[in-house]
file coords.cif (mmCIF, C-alpha atoms and all ligand atoms)
data_data
loop_
_atom_site.label_atom_id
_atom_site.label_comp_id
_atom_site.auth_asym_id
_atom_site.auth_seq_id
_atom_site.Cartn_x
_atom_site.Cartn_y
_atom_site.Cartn_z
CA MET A 9 48.88 -50.21 3.14
CA LYS A 10 45.82 -52.36 3.49
CA ILE A 11 43.41 -51.40 6.26
CA ALA A 12 40.44 -53.52 7.33
CA ILE A 13 37.58 -51.30 8.50
CA LEU A 14 35.31 -52.93 11.08
CA ALA A 15 32.68 -50.39 12.09
CA GLY A 16 30.90 -52.75 14.51
CA ASP A 17 27.79 -51.86 16.49
CA GLY A 18 26.04 -48.96 18.20
CA ILE A 19 27.89 -45.71 17.55
CA GLY A 20 30.65 -47.68 15.75
CA PRO A 21 29.50 -46.90 12.19
CA GLU A 22 29.12 -43.15 12.88
CA ILE A 23 32.49 -42.63 14.49
CA VAL A 24 34.31 -44.87 12.02
CA ALA A 25 32.75 -42.91 9.15
CA GLN A 26 34.54 -39.78 10.43
CA ALA A 27 37.84 -41.64 10.82
CA VAL A 28 37.47 -42.95 7.26
CA ARG A 29 37.11 -39.36 6.02
CA VAL A 30 40.46 -38.63 7.68
CA LEU A 31 42.03 -41.65 5.93
CA GLU A 32 40.53 -40.54 2.61
CA THR A 33 42.09 -37.11 3.07
CA LEU A 34 45.49 -38.72 3.58
CA ARG A 35 44.94 -40.87 0.50
CA ARG A 36 44.02 -37.82 -1.56
CA ASP A 37 47.30 -36.29 -0.41
CA GLY A 38 49.37 -39.23 -1.58
CA LEU A 39 49.30 -42.10 0.93
CA ALA A 40 48.67 -45.44 -0.78
CA LEU A 41 45.81 -46.65 1.42
CA GLU A 42 43.40 -49.44 0.60
CA LEU A 43 40.29 -49.62 2.80
CA GLU A 44 38.30 -52.87 3.04
CA PRO A 45 35.11 -53.07 5.14
CA GLY A 46 34.17 -56.13 7.19
CA LEU A 47 31.85 -57.33 9.96
CA LEU A 48 32.70 -57.88 13.61
CA GLY A 49 30.51 -58.15 16.71
CA GLY A 50 26.73 -57.94 16.81
CA CYS A 51 26.39 -56.87 13.17
CA ALA A 52 28.31 -60.02 12.23
CA VAL A 53 26.02 -62.14 14.42
CA ASP A 54 23.03 -60.61 12.58
CA ALA A 55 24.53 -61.15 9.12
CA ALA A 56 26.49 -64.37 9.53
CA GLY A 57 25.40 -65.95 12.82
CA GLU A 58 28.73 -65.44 14.59
CA PRO A 59 30.67 -62.45 15.94
CA PHE A 60 33.97 -63.18 14.09
CA PRO A 61 33.02 -64.85 10.81
CA GLU A 62 35.48 -66.60 8.51
CA ALA A 63 35.35 -63.77 5.94
CA THR A 64 36.45 -61.28 8.62
CA ARG A 65 39.15 -63.70 9.78
CA ARG A 66 40.58 -63.70 6.25
CA LEU A 67 40.20 -59.95 5.82
CA VAL A 68 42.13 -59.09 8.99
CA ALA A 69 44.79 -61.76 8.37
CA ASP A 70 45.42 -60.16 5.01
CA ALA A 71 45.39 -56.53 6.19
CA ASP A 72 48.36 -54.56 7.58
CA ALA A 73 46.15 -52.83 10.13
CA VAL A 74 42.59 -52.94 11.40
CA LEU A 75 40.40 -49.98 12.38
CA LEU A 76 37.56 -50.90 14.73
CA GLY A 77 34.64 -48.83 16.01
CA ALA A 78 33.04 -50.70 18.90
CA VAL A 79 31.08 -53.89 19.44
CA GLY A 80 28.16 -54.97 21.58
CA GLY A 81 24.70 -53.86 22.57
CA PRO A 82 21.72 -54.84 24.72
CA ARG A 83 20.17 -56.82 21.84
CA TYR A 84 22.99 -59.34 22.15
CA ASP A 85 23.16 -59.63 25.93
CA THR A 86 21.04 -62.76 26.04
CA LEU A 87 23.06 -64.70 23.45
CA PRO A 88 25.13 -67.68 24.61
CA ARG A 89 28.65 -66.56 25.58
CA GLU A 90 30.38 -67.85 22.43
CA ARG A 91 28.14 -65.74 20.20
CA ARG A 92 28.35 -62.51 22.19
CA PRO A 93 29.90 -59.60 20.25
CA GLU A 94 32.71 -59.25 22.82
CA GLN A 95 33.84 -62.79 22.02
CA GLY A 96 34.41 -61.64 18.43
CA LEU A 97 36.79 -58.94 19.65
CA LEU A 98 38.61 -61.31 22.01
CA ALA A 99 38.94 -63.91 19.24
CA LEU A 100 40.27 -61.27 16.85
CA ARG A 101 42.92 -60.14 19.37
CA LYS A 102 43.93 -63.76 19.92
CA ALA A 103 43.91 -64.73 16.22
CA LEU A 104 46.25 -61.88 15.32
CA GLY A 105 48.46 -62.30 18.40
CA LEU A 106 47.83 -58.70 19.48
CA PHE A 107 49.41 -59.03 22.92
CA ALA A 108 50.44 -55.42 23.45
CA ASN A 109 47.68 -52.93 24.13
CA LEU A 110 48.77 -49.29 24.33
CA ARG A 111 46.29 -46.96 25.99
CA PRO A 112 47.52 -43.38 26.29
CA ALA A 113 45.65 -41.00 28.58
CA ILE A 114 46.41 -37.41 27.69
CA LEU A 115 44.62 -34.39 29.08
CA TYR A 116 44.37 -31.67 26.48
CA PRO A 117 44.74 -28.31 28.24
CA GLU A 118 41.46 -27.13 26.68
CA LEU A 119 39.61 -29.95 28.47
CA ALA A 120 41.07 -29.37 31.94
CA ASN A 121 37.60 -28.52 33.24
CA ALA A 122 35.94 -31.56 31.67
CA SER A 123 37.71 -33.86 34.12
CA THR A 124 35.88 -34.73 37.32
CA LEU A 125 39.20 -34.18 39.11
CA LYS A 126 40.43 -30.72 40.06
CA PRO A 127 42.50 -29.12 37.29
CA GLU A 128 45.50 -28.79 39.63
CA VAL A 129 45.50 -32.58 40.07
CA VAL A 130 45.23 -33.53 36.40
CA ALA A 131 46.68 -30.62 34.39
CA GLY A 132 49.54 -31.90 32.26
CA LEU A 133 48.48 -35.53 32.46
CA ASP A 134 50.26 -37.69 29.89
CA LEU A 135 50.38 -41.33 30.86
CA LEU A 136 50.51 -44.56 28.91
CA ILE A 137 49.00 -47.82 30.09
CA VAL A 138 50.53 -50.90 28.49
CA ARG A 139 48.09 -53.76 28.99
CA GLU A 140 48.81 -57.43 28.20
CA LEU A 141 45.96 -58.43 25.90
CA THR A 142 46.06 -62.09 24.89
CA GLY A 143 46.66 -63.89 28.18
CA GLY A 144 45.88 -63.82 31.87
CA ILE A 145 42.49 -64.52 33.34
CA TYR A 146 40.70 -63.53 30.11
CA PHE A 147 41.99 -66.62 28.33
CA GLY A 148 43.16 -68.95 31.12
CA GLU A 149 41.94 -72.55 31.34
CA PRO A 150 40.20 -74.18 33.06
CA ARG A 151 37.19 -71.89 33.12
CA GLY A 152 33.49 -72.39 33.46
CA VAL A 153 30.52 -72.87 35.74
CA GLU A 154 29.84 -76.36 37.08
CA SER A 155 28.29 -78.11 40.01
CA ARG A 156 30.62 -78.82 42.93
CA ASP A 157 29.18 -80.45 46.03
CA GLY A 158 25.74 -79.59 44.75
CA LEU A 159 26.54 -75.88 44.45
CA ARG A 160 26.83 -73.97 41.17
CA THR A 161 30.49 -72.96 41.10
CA GLY A 162 32.16 -70.50 38.74
CA PHE A 163 35.89 -70.46 38.09
CA ASN A 164 38.52 -68.79 35.92
CA THR A 165 42.28 -69.14 35.84
CA MET A 166 44.85 -66.36 35.94
CA VAL A 167 47.88 -67.70 34.14
CA TYR A 168 51.01 -66.13 32.64
CA ASN A 169 54.23 -67.76 31.57
CA GLU A 170 57.56 -65.94 31.69
CA MET A 171 57.69 -65.46 27.92
CA GLU A 172 54.34 -63.65 27.93
CA ILE A 173 55.43 -61.42 30.81
CA ALA A 174 58.85 -60.61 29.37
CA ARG A 175 57.54 -59.62 25.94
CA ILE A 176 54.92 -57.20 27.27
CA ALA A 177 57.50 -55.82 29.71
CA ARG A 178 59.86 -55.16 26.78
CA VAL A 179 57.16 -53.24 24.93
CA ALA A 180 56.59 -51.14 28.03
CA PHE A 181 60.28 -50.49 28.68
CA GLN A 182 60.77 -49.47 25.05
CA ALA A 183 57.79 -47.12 25.24
CA ALA A 184 59.18 -45.60 28.44
CA ARG A 185 62.49 -45.05 26.66
CA ARG A 186 60.74 -42.83 24.12
CA ARG A 187 59.05 -40.88 26.95
CA ARG A 188 60.11 -39.87 30.45
CA ARG A 189 61.91 -43.18 31.17
CA ARG A 190 59.78 -44.26 34.11
CA LEU A 191 57.89 -47.53 34.25
CA CYS A 192 55.52 -48.68 36.98
CA SER A 193 54.56 -52.36 36.89
CA VAL A 194 51.23 -53.17 38.54
CA ASP A 195 50.49 -56.53 40.18
CA LYS A 196 48.91 -58.18 43.21
CA MET A 197 51.95 -60.13 44.36
CA ASN A 198 50.91 -60.06 48.02
CA VAL A 199 48.06 -62.45 47.17
CA LEU A 200 48.45 -63.98 43.69
CA GLU A 201 51.36 -66.28 42.79
CA CYS A 202 50.82 -65.55 39.12
CA THR A 203 51.56 -61.89 39.69
CA GLN A 204 54.50 -62.64 41.94
CA LEU A 205 56.08 -64.26 38.88
CA TRP A 206 54.97 -61.17 36.94
CA ARG A 207 57.00 -58.96 39.32
CA GLU A 208 60.05 -61.22 39.14
CA VAL A 209 60.10 -61.40 35.35
CA VAL A 210 59.49 -57.66 34.89
CA THR A 211 62.40 -57.01 37.27
CA GLU A 212 64.67 -59.41 35.33
CA THR A 213 63.66 -57.86 32.01
CA GLY A 214 64.46 -54.46 33.47
CA ARG A 215 68.15 -55.35 33.51
CA GLU A 216 68.06 -54.89 29.71
CA PHE A 217 66.87 -51.32 30.28
CA PRO A 218 69.11 -49.77 32.95
CA ASP A 219 68.19 -46.30 31.67
CA VAL A 220 64.51 -46.78 32.62
CA GLU A 221 63.52 -46.38 36.27
CA LEU A 222 61.34 -49.37 37.26
CA THR A 223 58.93 -49.34 40.19
CA HIS A 224 56.23 -51.80 41.28
CA MET A 225 52.81 -51.11 42.71
CA LEU A 226 49.98 -53.28 43.99
CA VAL A 227 46.86 -52.86 41.90
CA ASP A 228 44.61 -51.58 44.67
CA ASN A 229 47.14 -48.90 45.52
CA ALA A 230 47.56 -48.09 41.81
CA ALA A 231 43.81 -47.55 41.47
CA MET A 232 43.97 -45.15 44.40
CA GLN A 233 47.13 -43.35 43.24
CA LEU A 234 45.61 -42.78 39.79
CA VAL A 235 42.99 -40.47 41.26
CA ARG A 236 45.15 -39.13 44.11
CA ASP A 237 48.18 -38.05 42.09
CA PRO A 238 48.06 -39.24 38.47
CA LEU A 239 50.98 -37.05 37.40
CA GLN A 240 53.39 -39.41 39.22
CA PHE A 241 52.98 -41.92 36.36
CA ASP A 242 54.72 -42.07 32.99
CA VAL A 243 54.21 -45.65 31.69
CA MET A 244 52.29 -48.35 33.57
CA VAL A 245 52.45 -52.02 32.57
CA THR A 246 50.04 -54.66 33.80
CA GLY A 247 48.11 -57.82 32.97
CA ASN A 248 44.92 -58.17 31.00
CA MET A 249 42.26 -57.72 33.68
CA PHE A 250 44.01 -55.08 35.81
CA GLY A 251 44.75 -53.18 32.60
CA ASP A 252 41.11 -53.30 31.54
CA ILE A 253 40.05 -51.74 34.82
CA LEU A 254 42.86 -49.20 35.28
CA SER A 255 42.55 -47.94 31.70
CA ASP A 256 38.86 -47.10 32.17
CA GLU A 257 39.78 -45.30 35.36
CA ALA A 258 42.62 -43.41 33.68
CA SER A 259 40.38 -42.41 30.79
CA MET A 260 38.09 -40.48 33.09
CA LEU A 261 41.00 -38.34 34.30
CA THR A 262 41.00 -36.82 30.83
CA GLY A 263 37.41 -35.68 30.99
CA SER A 264 35.87 -38.11 28.60
CA ILE A 265 36.34 -41.70 27.59
CA GLY A 266 35.36 -40.34 24.17
CA MET A 267 38.86 -38.88 23.70
CA LEU A 268 41.05 -41.94 24.12
CA PRO A 269 42.48 -44.05 21.29
CA SER A 270 44.25 -47.37 21.60
CA ALA A 271 46.57 -49.65 19.69
CA SER A 272 46.79 -53.43 20.04
CA LEU A 273 49.99 -54.71 18.46
CA ASP A 274 51.56 -58.02 17.55
CA ALA A 275 55.28 -58.71 17.69
CA ARG A 276 55.86 -57.15 14.25
CA GLY A 277 53.84 -53.96 14.49
CA LYS A 278 50.65 -55.13 12.84
CA GLY A 279 47.83 -53.63 14.82
CA LEU A 280 44.21 -53.20 15.67
CA TYR A 281 43.26 -49.60 16.41
CA GLU A 282 40.12 -48.67 18.28
CA PRO A 283 38.72 -46.09 20.67
CA ILE A 284 38.75 -47.44 24.20
CA HIS A 285 35.07 -46.63 24.73
CA GLY A 286 32.22 -48.99 23.95
CA SER A 287 29.33 -48.96 21.49
CA ALA A 288 27.14 -46.54 23.53
CA PRO A 289 23.82 -47.96 22.28
CA ASP A 290 21.93 -45.24 24.18
CA ILE A 291 23.13 -42.54 21.78
CA ALA A 292 23.63 -44.63 18.63
CA GLY A 293 22.33 -43.15 15.40
CA GLN A 294 21.78 -39.68 16.89
CA ASP A 295 24.90 -37.91 15.61
CA ARG A 296 25.97 -37.26 19.21
CA ALA A 297 29.00 -39.51 19.69
CA ASN A 298 32.49 -38.05 19.94
CA PRO A 299 34.56 -39.35 16.98
CA LEU A 300 37.88 -38.00 18.28
CA ALA A 301 39.02 -41.23 19.98
CA THR A 302 38.55 -43.08 16.69
CA ILE A 303 40.26 -40.33 14.70
CA LEU A 304 43.16 -40.37 17.17
CA SER A 305 43.29 -44.16 16.75
CA VAL A 306 44.01 -43.55 13.06
CA ALA A 307 46.95 -41.37 14.14
CA MET A 308 48.26 -44.23 16.28
CA MET A 309 47.92 -46.57 13.28
CA LEU A 310 49.99 -44.29 11.08
CA ARG A 311 52.66 -44.04 13.75
CA HIS A 312 52.88 -47.64 15.01
CA THR A 313 52.07 -49.78 11.97
CA PHE A 314 53.00 -47.55 9.03
CA GLY A 315 55.83 -45.51 10.54
CA ARG A 316 54.29 -42.29 9.22
CA GLU A 317 54.97 -39.90 12.09
CA ASP A 318 54.26 -36.97 9.75
CA ALA A 319 50.70 -38.10 9.02
CA ALA A 320 50.10 -39.04 12.66
CA ALA A 321 51.21 -35.60 13.81
CA ARG A 322 49.04 -33.94 11.17
CA ILE A 323 45.94 -35.63 12.60
CA GLU A 324 46.88 -34.93 16.22
CA GLN A 325 47.59 -31.27 15.42
CA ALA A 326 44.21 -31.02 13.72
CA VAL A 327 42.49 -32.41 16.83
CA LYS A 328 44.31 -29.90 19.07
CA ARG A 329 43.33 -27.11 16.73
CA VAL A 330 39.68 -28.14 16.77
CA LEU A 331 39.66 -28.20 20.58
CA ALA A 332 41.38 -24.82 20.72
CA GLN A 333 38.72 -23.45 18.36
CA GLY A 334 36.10 -24.52 20.87
CA PHE A 335 34.40 -27.35 18.98
CA ARG A 336 32.88 -29.81 21.45
CA THR A 337 30.64 -32.86 21.26
CA GLY A 338 28.16 -33.31 24.12
CA ASP A 339 30.48 -35.44 26.29
CA ILE A 340 33.08 -32.65 26.56
CA HIS A 341 30.82 -29.65 26.16
CA GLU A 342 30.96 -26.64 28.51
CA PRO A 343 29.07 -23.36 28.38
CA GLY A 344 30.50 -20.97 25.81
CA MET A 345 31.84 -23.71 23.54
CA ARG A 346 30.67 -24.61 20.04
CA MET A 347 28.51 -27.72 20.31
CA VAL A 348 28.76 -30.03 17.32
CA GLY A 349 27.58 -33.52 16.46
CA THR A 350 29.62 -36.49 15.25
CA ALA A 351 29.73 -35.39 11.62
CA GLY A 352 30.27 -31.74 12.56
CA MET A 353 33.32 -32.76 14.60
CA GLY A 354 34.54 -34.72 11.58
CA ASP A 355 34.11 -31.60 9.40
CA ALA A 356 36.13 -29.55 11.89
CA VAL A 357 38.97 -32.09 11.96
CA LEU A 358 39.13 -32.23 8.16
CA ALA A 359 39.27 -28.43 8.07
CA GLY A 360 42.02 -28.53 10.71
CA MET A 361 44.02 -30.96 8.56
CA GLU A 362 44.15 -28.44 5.75
CA HIS A 363 46.19 -26.02 7.91
CA GLY A 364 49.01 -28.17 9.29
C1 LIG B 401 38.16 -53.21 26.46
C2 LIG B 401 36.81 -53.83 26.61
C3 LIG B 401 36.90 -55.30 26.27
C4 LIG B 401 37.85 -55.94 27.26
C5 LIG B 401 35.56 -56.05 26.23
C6 LIG B 401 34.58 -55.38 25.27
C7 LIG B 401 35.74 -57.49 25.86
O1 LIG B 401 36.32 -53.60 27.90
O2 LIG B 401 38.71 -53.28 25.34
O3 LIG B 401 38.68 -52.65 27.43
O4 LIG B 401 37.45 -56.30 28.37
O5 LIG B 401 39.01 -56.08 26.91
MG MG B 402 37.52 -52.29 29.05
#
call {"tool": "encode", "arguments": {"input": "coords.cif", "output": "structure tokens"}}
result
Amino acid sequence: MKIAILAGDGIGPEIVAQAVRVLETLRRDGLALELEPGLLGGCAVDAAGEPFPEATRRLVADADAVLLGAVGGPRYDTLPRERRPEQGLLALRKALGLFANLRPAILYPELANASTLKPEVVAGLDLLIVRELTGGIYFGEPRGVESRDGLRTGFNTMVYNEMEIARIARVAFQAARRRRRRLCSVDKMNVLECTQLWREVVTETGREFPDVELTHMLVDNAAMQLVRDPLQFDVMVTGNMFGDILSDEASMLTGSIGMLPSASLDARGKGLYEPIHGSAPDIAGQDRANPLATILSVAMMLRHTFGREDAAARIEQAVKRVLAQGFRTGDIHEPGMRMVGTAGMGDAVLAGMEHG
């Protein structure tokens, strides 16, 4: 099992270091893991002049899975678009064909008070957002800024073909089958033709999954329902841009964006695993970042790419144990809890893994 480790920028190296300790523990206990570091994002721009250099391209093509910290930072905000760190991540997703982005939002009972929503609204939250990741307006052509009638004019294209819609719908239906068998597809079919096709194709694909209850929701309503009554959702499926926005919103229901892992998968289960949060340059290098989202991303890797449910569960149990013991990084801290830094949280998880 070959894993490319791309720590990235900002807090990336600190949080990935803790996730690597988890992988090393699993290796010590018998998993045949090979870890290979590489550069992506701003650190790659610094070292190689581009955010997704050829060496990284080869490394990830050769690996079975990729673990990523985060990319980006204010130092790179003035670079031309093609050299921005985010472009490295987008190019990596595209190069590996990682069209299926799974973003679970789970509220651990211990963190019920960390959410900005009332506990009675969010307690028990366990939803999965399935976001299409290699199409839609993120990649559509034509795109650009040009002069039209003497006015600077910006334009992007939202485009999906039926194959792209059907394959992400299948991933979502299959995920729903392993959960509470309810799928809500999110679109804007009252305005956008592209998403009218989305609704049609998701409905057609649903005929293959008569055991899953399919509903549709317009994206503005979905954004509202997520904070009004999030427990109504099991699995949500949507396009690239709506999924980007709704998954940030859903993350906050759980108290901290620092808790949420993600998986981005190709058609054969190869995947990129990363926390859904960014590089948090404001706290980088201060041992303050929460490494749990990255550690939980390792659990998703073991489950989705390597089929090792046992190892995935061992990590997730350790995280639950650590929360129950009261260990908290600053983002989820409350009075009376045991405040720890990034490395201290890593220590606690490793200790938790020894009792499983
Ligand atoms: C995400 C991020 C990325 C995205 C950025 C960094 C390109 O916001 O993974 O949600 O928009 O997909
Ligand atoms: Mg985002």
call {"tool": "closest_residue", "arguments": {"input": "coords.cif", "among": "A:Arg29, A:Arg139, A:Arg92, A:Arg276", "to": "ligand MG 402 (chain B)", "atoms": "only C-alpha atoms and all ligand atoms"}}
result
A:Arg139
call {"tool": "residues_near_ligand", "arguments": {"input": "coords.cif", "ligand": "ligand MG 402 (chain B)", "cutoff": "10 Å", "atoms": "all atoms listed in the file", "output": "PDB file with C-alpha atoms, keeping the file's coordinate frame"}}
result
ATOM      1  CA  ASN A 248      44.920 -58.170  31.000  1.00  0.00           C
ATOM      2  CA  MET A 249      42.260 -57.720  33.680  1.00  0.00           C
ATOM      3  CA  PHE A 250      44.010 -55.080  35.810  1.00  0.00           C
ATOM      4  CA  GLY A 251      44.750 -53.180  32.600  1.00  0.00           C
ATOM      5  CA  ASP A 252      41.110 -53.300  31.540  1.00  0.00           C
ATOM      6  CA  ILE A 253      40.050 -51.740  34.820  1.00  0.00           C
ATOM      7  CA  LEU A 254      42.860 -49.200  35.280  1.00  0.00           C
ATOM      8  CA  SER A 255      42.550 -47.940  31.700  1.00  0.00           C
ATOM      9  CA  ASP A 256      38.860 -47.100  32.170  1.00  0.00           C
ATOM     10  CA  GLU A 257      39.780 -45.300  35.360  1.00  0.00           C
ATOM     11  CA  ILE A 284      38.750 -47.440  24.200  1.00  0.00           C
ATOM     12  CA  HIS A 285      35.070 -46.630  24.730  1.00  0.00           C
ATOM     13  CA  GLY A 286      32.220 -48.990  23.950  1.00  0.00           C
TER      14      GLY A 286
END
call {"tool": "axis_aligned_box", "arguments": {"input": "coords.cif", "around": "ligand LIG 401 (chain B)", "padding_each_side": "3 Å", "output": "lines of an AutoDock Vina configuration file"}}
result
center_x = 36.8
center_y = -55.1
center_z = 26.8
size_x = 10.4
size_y = 10.8
size_z = 9.1
call {"tool": "residues_around", "arguments": {"input": "coords.cif", "residues": "Ala174 of chain A", "least_positions_apart": "6", "cutoff": "7 Å", "atoms": "all atoms listed in the file", "output": "ChimeraX atom specification"}}
result
/A:209-210,213
call {"tool": "atom_distance", "arguments": {"input": "coords.cif", "atom1": "atom CA of Lys126 of chain A", "atom2": "atom CA of Pro299 of chain A"}}
result
25.3 Å
call {"tool": "build_atoms", "arguments": {"input": "coords.cif", "residues": "segment 256-269 of chain A", "atoms": "N, CA and C atoms", "output": "PDB file, keeping the file's coordinate frame"}}
result
ATOM      1  N   ASP A 256      40.128 -47.844  32.082  1.00  0.00           N
ATOM      2  CA  ASP A 256      38.860 -47.100  32.170  1.00  0.00           C
ATOM      3  C   ASP A 256      38.981 -45.996  33.210  1.00  0.00           C
ATOM      4  N   GLU A 257      39.621 -46.313  34.320  1.00  0.00           N
ATOM      5  CA  GLU A 257      39.780 -45.300  35.360  1.00  0.00           C
ATOM      6  C   GLU A 257      40.622 -44.130  34.844  1.00  0.00           C
ATOM      7  N   ALA A 258      41.734 -44.461  34.189  1.00  0.00           N
ATOM      8  CA  ALA A 258      42.620 -43.410  33.680  1.00  0.00           C
ATOM      9  C   ALA A 258      41.916 -42.547  32.642  1.00  0.00           C
ATOM     10  N   SER A 259      41.046 -43.163  31.863  1.00  0.00           N
ATOM     11  CA  SER A 259      40.380 -42.410  30.790  1.00  0.00           C
ATOM     12  C   SER A 259      39.558 -41.266  31.369  1.00  0.00           C
ATOM     13  N   MET A 260      38.973 -41.496  32.519  1.00  0.00           N
ATOM     14  CA  MET A 260      38.090 -40.480  33.090  1.00  0.00           C
ATOM     15  C   MET A 260      38.878 -39.279  33.607  1.00  0.00           C
ATOM     16  N   LEU A 261      40.176 -39.478  33.881  1.00  0.00           N
ATOM     17  CA  LEU A 261      41.000 -38.340  34.300  1.00  0.00           C
ATOM     18  C   LEU A 261      41.041 -37.286  33.203  1.00  0.00           C
ATOM     19  N   THR A 262      40.860 -37.729  31.966  1.00  0.00           N
ATOM     20  CA  THR A 262      41.000 -36.820  30.830  1.00  0.00           C
ATOM     21  C   THR A 262      39.694 -36.127  30.489  1.00  0.00           C
ATOM     22  N   GLY A 263      38.661 -36.387  31.251  1.00  0.00           N
ATOM     23  CA  GLY A 263      37.410 -35.680  30.990  1.00  0.00           C
ATOM     24  C   GLY A 263      36.405 -36.530  30.292  1.00  0.00           C
ATOM     25  N   SER A 264      36.833 -37.279  29.290  1.00  0.00           N
ATOM     26  CA  SER A 264      35.870 -38.110  28.600  1.00  0.00           C
ATOM     27  C   SER A 264      36.522 -39.344  28.029  1.00  0.00           C
ATOM     28  N   ILE A 265      35.866 -40.463  28.204  1.00  0.00           N
ATOM     29  CA  ILE A 265      36.340 -41.700  27.590  1.00  0.00           C
ATOM     30  C   ILE A 265      36.237 -41.573  26.065  1.00  0.00           C
ATOM     31  N   GLY A 266      35.508 -40.582  25.609  1.00  0.00           N
ATOM     32  CA  GLY A 266      35.360 -40.340  24.170  1.00  0.00           C
ATOM     33  C   GLY A 266      36.577 -39.742  23.497  1.00  0.00           C
ATOM     34  N   MET A 267      37.647 -39.501  24.259  1.00  0.00           N
ATOM     35  CA  MET A 267      38.860 -38.880  23.700  1.00  0.00           C
ATOM     36  C   MET A 267      40.000 -39.874  23.497  1.00  0.00           C
ATOM     37  N   LEU A 268      39.855 -41.098  24.028  1.00  0.00           N
ATOM     38  CA  LEU A 268      41.050 -41.940  24.120  1.00  0.00           C
ATOM     39  C   LEU A 268      41.151 -43.040  23.080  1.00  0.00           C
ATOM     40  N   PRO A 269      42.236 -43.020  22.303  1.00  0.00           N
ATOM     41  CA  PRO A 269      42.480 -44.050  21.290  1.00  0.00           C
ATOM     42  C   PRO A 269      43.237 -45.221  21.902  1.00  0.00           C
TER      43      PRO A 269
END
